[in-house]
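Below is one structure, written out as structure tokens; comments come after it.
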Amino acid sequence: MNSKEIRTTFLEYFREKGHETVRSSNLIPAGDRSLLFTNAGMVQFKSLFLGEEKRDYTRAATCQKCMRAGGKQSDIENVGLTARHHTFFEMLGNFSFGDYFKRDAIIFAWELLTERYKLPVEKLWVTVFRDDDEAAALWPELTGISEERIVRLDEKDNFWRMGDTGPCGPCSEIIIDQGEALGCGREDCAVGCDCDRYLELWNLVFMQFDSSEAGELTPLPSPSIDTGMGLERLTAVMQGKSNNFDTDLFVPIIDVISSKLDKPYGKNNSDDISLRVIADHIRTITFLLSENLMPSNEKRGYVLRRIIRRAMRYTKKMGIDEPFLHTLIDPVIEATREIYPEVDNHKKGAVEILKFEEESFLETFEKGLFILEDIKEGLKKSNSTIISGTEVFKLYDTFGFPPENTEEIAGEEGLKIDWDGFHREMDAQRARARVKLTEKDFKINTPSDRKTFANILKKTGKTDFRGYENLETASVVLCLMKDNETTNELKEGDHGEAILDITPFYGESGGQVGDRGKIDSNDMSAVVSDVKKTPDNLFIHSIKIEKGVLKLSDQVTCHVKRDDRKAVMRNHTATHLLHAALRNVLGEHIKQAGSLVEPERLRFDFTHFSPLSGQERGELSRIVNEKILESISVRTRDMALQEAVDSGATALFDEKYGDKVRVVGIGDFSKELCGGTHCERTSDIGSFTILSENGIASGVRRIEALTGANALSHFEKNIEKQREIADYLKTEDPLEKIKSMAKRIRSLEKELEHVKIKGGGNDLSTLLDNVRIVKGAKIIVARNDNLGQKELRGFADGLRDKIGSGVVFVTAVRDGQALFVSMVTKDLAGKFNAGNIVKEISVLAGGKGGGRPDMAQGGTKDLDKLDAALKKIYEVV
């Protein structure tokens, strides 16, 4: 059977047995922050097993996309080295939610394996939990397997838990004996051994207990079944392969990689490992990118980046020094599109993101590898085997080397890394970042004690927010605070906080700032400067008493500052239009990564891999302004969370939503979950213009924009500036004049560079008189102070062209440091290595350097060592 037939046979068998065939859920679990990735078939059914949800079926079967890389269950370090470890894999599973239990689960599994897949009964073994007498009796009764091939194992192997508490139970594993040839050769090799002879095919979990915090097991009222069988392992067994990578799940992908690299698979063990790593990782990368995950330095994005960079290291080992992985997305899609069409839908964005990530890392990859080699050399000289946490952190922070990748590279030479030291450096970096936080970064900061607000909430109850419909309300004062303490009154001149029964003031949340305005009564007036909202919907109004005294239980009138609110509404609705426009122009991978909506402007952060072009910025502005001119009605509706998501509303992945959510729709152009305030029609926005677009973190971009009167004012100022520039340049076409001037400046700069290279008494022809012959090759050494790095390279280029064949080494002292450049002509590239020459001279001079065999750069700040180092050049060569 091919893998497609194996997958289909499994699902059709269980459909015949009354199971609902359920589509695979995403690799990124929806609404489950306890997991980085879906790592088992039962993840999408967790709420069913916990009794939190009911569906219209009690039996299900799936072929689930799974991933184990990052977190406790990570196989990444073993991928490529073993026959059966993967980062991405498919899990076949059947499930019972209080329907059938052990008896039927055993019958189904045995019948499918022996009658449909026709696996040889004599090679099958079974394991049971040591205390599960029921399962131990059922296996021989229902299948006829001899008791000698039923093995009892301990809790570590045969007892499954969803977590520290909750549903759990014993499990049974079906094992196949693959023969002595795949065994470890030990006399005690048996079921339970870690070698490949006794291969676990299928794990049947019998969820029959509820585990308490004290570890006590209570029988569940409705026991359930959760099973899992790796498609890759089953396919290898069915196709008679001892290695998963030799099956039709991987061979088409490996063949393409092998052909592109001109490295035949199966001829060289080192190359084979690299090919397997690349094949496994490109599958994982493609599927994660298809779910719009962006490489980053946080959580899931970090795992994706780590996998990409590990794969890049193996392409480097295969001799590839340019972006390559993105060219492999096509074969993965070709192999999987029929089963998982979503990978094809996101192809364009996936290729662009991966190519950009490769290009970004390649800029620092070489330098990082060079520094790592330096570190390893230093350890050898000092007879040490531990890379310090400081060095590991530097490789990560400066050169983008994930510490796990550094550990893997080091491990190949028997070295280890100081994890404790690395974590200390990371903690110190986080502490530095925390110091930079301002008060505005906190949800509630006046006062900051959440316990205080929890106690207040018990007395006052939640605030009734009326601000969607009204900008004024009659309200009652329920609580007053001053200097973080409750008080009975606030007097004229006092600053404090007020909590009301009803408020029209929006409390800061979802990126939208809190409202400003006034609270007054007959003899009291207070300015509201800000409003915060707790997660429990308690609205805290920051106020200053301008006149009179405000007391508990006072009846007051609240007035939201109308112009500010209207401006905020324009900016918030424009933010939704911008979000939708970004997805239209750049692709479905765009996700909101943060926002700020205030009266003066809007700010929108989004996931994207490269700066926007002028054309893209123009297209965004055109689309948003087009939607403004269409005067589309902006509608809001309260819906159940799942209903809203199913209707296509965009939700922020990391945002915690309640059972009921507010959906803001703008025609058929935009639909988002949002609790903010919005215009009634898009035409209320007036106009829209982008002020700036820039990167704020790896894979995250930021747009700042204006709307309404602020946008018009910006247009007018720009027009006036253009007039002033045209008048100053005395031209009607300032852009053409500036282009002409820039071209002239570049020409003069080149002339100046040429003069500097020729200057200082160092005429290139004269320097040729100083050529020495070493090992039959011409060697020229020259110094030309005050040249920059670019000018020094030009100087070296000139000498290399003049010398024709030979080795060039030049140096320049400038701004308190010495710069080095070495070049080797192509005909001598196999005999001399510029990278090694610069590296050794740099070390002698107390600095660092290196590069390619034909061209390398370095330098030092220790000028006292410079002359002595330069005298060693001919010896080094």
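In the structure tokens, each chain is lettered A, B, ... as it comes, each chain's residues begin at 1, and ligands are numbered from 1 in order of appearance.
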(message) Taking only region 458-612 of chain A into account, list the residues labelled alpha helix (DSSP H) by DSSP (computed from the backbone), as a list in words.
(response) Lys458, Lys459, Thr460, Arg562, Asp563, Asp564, Arg565, Lys566, Ala567, Val568, Met569, Arg570, Asn571, His572, Thr573, Ala574, Thr575, His576, Leu577, Leu578, His579, Ala580, Ala581, Leu582, Arg583, Asn584, Val585 and Leu586 of chain A
(message) For a quick check of understanding, using only C-alpha atoms, which of A:Tyr314, A:Tyr198, A:Tyr874, A:Tyr100 has the smallest distance to Ala279 (chain A)?
(response)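 Ranking A:Tyr314, A:Tyr198, A:Tyr874, A:Tyr100 by distance to Ala279 (chain A), first place goes to A:Tyr314.
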(request) Give me the residues within 8 Å of Thr607 (chain A) as a PyMOL selection string, counting only C-alpha atoms and dropping any in the same chain fewer than 2 places off. (result) chain A and resi 294+589-593+605+609+699-701
(message) Which residue is closest to Leu199 (chain A)? Choose from A:Ile308, A:Arg84, A:Arg744, A:Ser274 and count only C-alpha atoms.
(response) A:Arg84
